[in-house]
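coords-v3.txt (compact mmCIF, C-alpha atoms)
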```
# COMPACT_ATOMS: atom_id res chain seq x y z
CA TRP P 1 0.00 0.00 0.00
CA ASN P 2 1.49 3.27 -1.11
CA PRO P 3 -0.45 6.41 -0.13
CA LEU P 4 1.40 8.32 -2.85
CA ASN P 5 -0.23 6.22 -5.56
CA LEU P 6 -3.78 7.57 -5.67
CA HIS P 7 -4.93 4.95 -8.14
CA GLU P 8 -4.16 2.21 -5.62
CA CYS P 9 -5.88 3.66 -2.58
CA VAL P 10 -8.62 6.13 -3.67
CA HIS P 11 -12.01 4.71 -4.65
CA ALA P 12 -12.48 4.89 -8.44
CA GLU P 13 -15.65 7.00 -8.08
CA ASP P 14 -13.77 9.56 -5.96
CA LEU P 15 -10.57 9.72 -7.98
CA PRO P 16 -11.75 12.45 -10.42
CA ALA P 17 -12.67 14.79 -7.53
CA VAL P 18 -9.36 14.11 -5.75
CA ASN P 19 -7.36 14.67 -8.94
CA HIS P 20 -9.28 17.88 -9.67
CA ALA P 21 -8.73 19.23 -6.15
CA ILE P 22 -5.00 18.56 -6.25
CA HIS P 23 -4.49 19.87 -9.79
CA SER P 24 -6.48 23.02 -8.98
CA ALA P 25 -4.35 23.63 -5.90
CA LEU P 26 -1.16 23.15 -7.92
CA SER P 27 -2.27 25.47 -10.73
CA THR P 28 -3.44 28.21 -8.35
CA ARG P 29 -0.65 27.56 -5.83
CA GLY P 30 -3.36 27.37 -3.22
CA SER P 31 -5.04 24.84 -1.00
CA PHE P 32 -7.54 22.04 -1.42
CA ARG P 33 -10.12 20.08 0.53
CA VAL P 34 -11.90 16.95 -0.60
CA GLU P 35 -13.77 14.02 0.92
CA CYS P 36 -13.01 10.61 -0.53
CA ARG P 37 -12.97 6.91 0.17
CA ILE P 38 -9.66 5.13 0.50
CA ARG P 39 -8.79 1.47 0.78
CA LYS P 40 -6.89 0.84 4.00
CA PRO P 41 -3.95 -1.58 4.11
CA GLN P 42 -6.20 -4.27 5.64
CA GLY P 43 -8.56 -3.96 2.64
CA GLN P 44 -11.55 -2.15 4.14
CA TRP P 45 -12.79 1.22 2.90
CA ALA P 46 -12.73 4.43 4.96
CA TRP P 47 -14.00 7.94 4.30
CA LEU P 48 -11.45 10.72 4.70
CA ASP P 49 -11.68 14.50 4.80
CA VAL P 50 -8.42 15.56 3.17
CA ALA P 51 -7.13 19.14 3.37
CA GLY P 52 -3.84 20.32 1.99
CA ALA P 53 -1.78 23.13 0.58
CA VAL P 54 0.97 23.64 -1.95
CA LEU P 55 4.43 24.54 -0.67
CA LEU P 56 6.39 26.84 -2.94
CA ASP P 57 10.10 27.41 -3.41
CA HIS P 58 11.76 30.82 -3.43
CA ASN P 59 10.72 31.29 -7.08
CA GLY P 60 7.07 30.58 -6.34
CA ASP P 61 7.14 27.15 -7.97
CA PRO P 62 5.34 24.22 -6.30
CA THR P 63 7.71 21.85 -4.52
CA ARG P 64 5.35 19.60 -2.56
CA LEU P 65 1.94 19.13 -1.06
CA ILE P 66 1.33 19.05 2.66
CA GLY P 67 -1.88 18.26 4.43
CA THR P 68 -3.96 16.44 6.94
CA THR P 69 -6.53 13.69 6.85
CA LEU P 70 -9.43 13.09 9.16
CA ASP P 71 -11.24 9.75 9.24
CA ILE P 72 -14.93 10.62 8.83
CA THR P 73 -16.17 7.07 8.23
CA ARG P 74 -18.48 7.00 11.26
CA ARG P 75 -20.04 10.33 10.30
CA ARG P 76 -20.64 9.21 6.71
CA LEU P 77 -22.17 5.92 7.87
CA ALA P 78 -24.48 7.79 10.26
CA GLN P 79 -25.53 10.11 7.43
CA PHE P 80 -26.18 7.14 5.15
CA LYS P 81 -28.31 5.42 7.79
CA ALA P 82 -30.24 8.62 8.50
CA ASN P 83 -30.88 9.15 4.78
CA ARG P 84 -32.17 5.60 4.43
CA ARG P 85 -34.65 6.28 7.24
CA GLY P 86 -35.74 9.54 5.62
CA PHE P 87 -34.45 11.85 8.35
CA TRP P 88 -32.53 14.07 5.93
CA SER P 89 -34.80 14.08 2.92
```
Would you mind giving the structure from this file in structure tokens?
Amino acid sequence: WNPLNLHECVHAEDLPAVNHAIHSALSTRGSFRVECRIRKPQGQWAWLDVAGAVLLDHNGDPTRLIGTTLDITRRRLAQFKANRRGFWS
């Protein structure tokens, strides 16, 4: 499992949004935030809230991405269950 290889760990349905968020941040030299599903090393899926920013060198060119992840799986499951019961519709 390599977290740097998005195609291996991000759910296929979420990959376009993740790619868009990262590419937008790189082109604007800004930040990004996206929720996505990732496959954990043990094989199960988890929902993450991913926030990051582009670090720039002294010329203003992107050198790397930094960020944080928050596991929001329980929240997403609760939302799914509530939606199935009609609480949020």
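Across the model, the gap from atom CA of P:Leu55 to atom CA of P:Arg39 is 26.6 Å.
In this comparison, which uses all atoms listed in the file, the residue of P:Ile72, P:Ala53, P:Ala12, P:Val18 approaching P:Ser31 most closely is P:Ala53.
Atom CA of P:Ala82 lies 25.7 Å from atom CA of P:Gly43.
For the pair atom CA of P:Val10 and atom CA of P:Cys36, the interatomic distance is 7.0 Å.
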Report task. May I have the protein, DNA and RNA residues with any atom at most 7 Å from the point (-8.1, 13.8, -0.2), counting all atoms listed in the file, written as a VMD selection string? Result -> chain P and resid 18 33 to 36 48 to 51
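The residue that comes closest to P:Val54, out of P:Lys40, P:His20, P:Arg29, P:Arg74 and on the basis of only C-alpha atoms, is P:Arg29.
Between P:Asp61 and the candidates P:Arg75, P:Ser27, P:Arg37, P:Phe32, the tightest atom-to-atom separation, counting all atoms listed in the file, involves P:Ser27.
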Report task. Return the single residue from P:Lys81, P:Asn5, P:Gln42, P:Gly52 that is closest to P:Thr68, with distances computed using all atoms listed in the file. Result -> P:Gly52
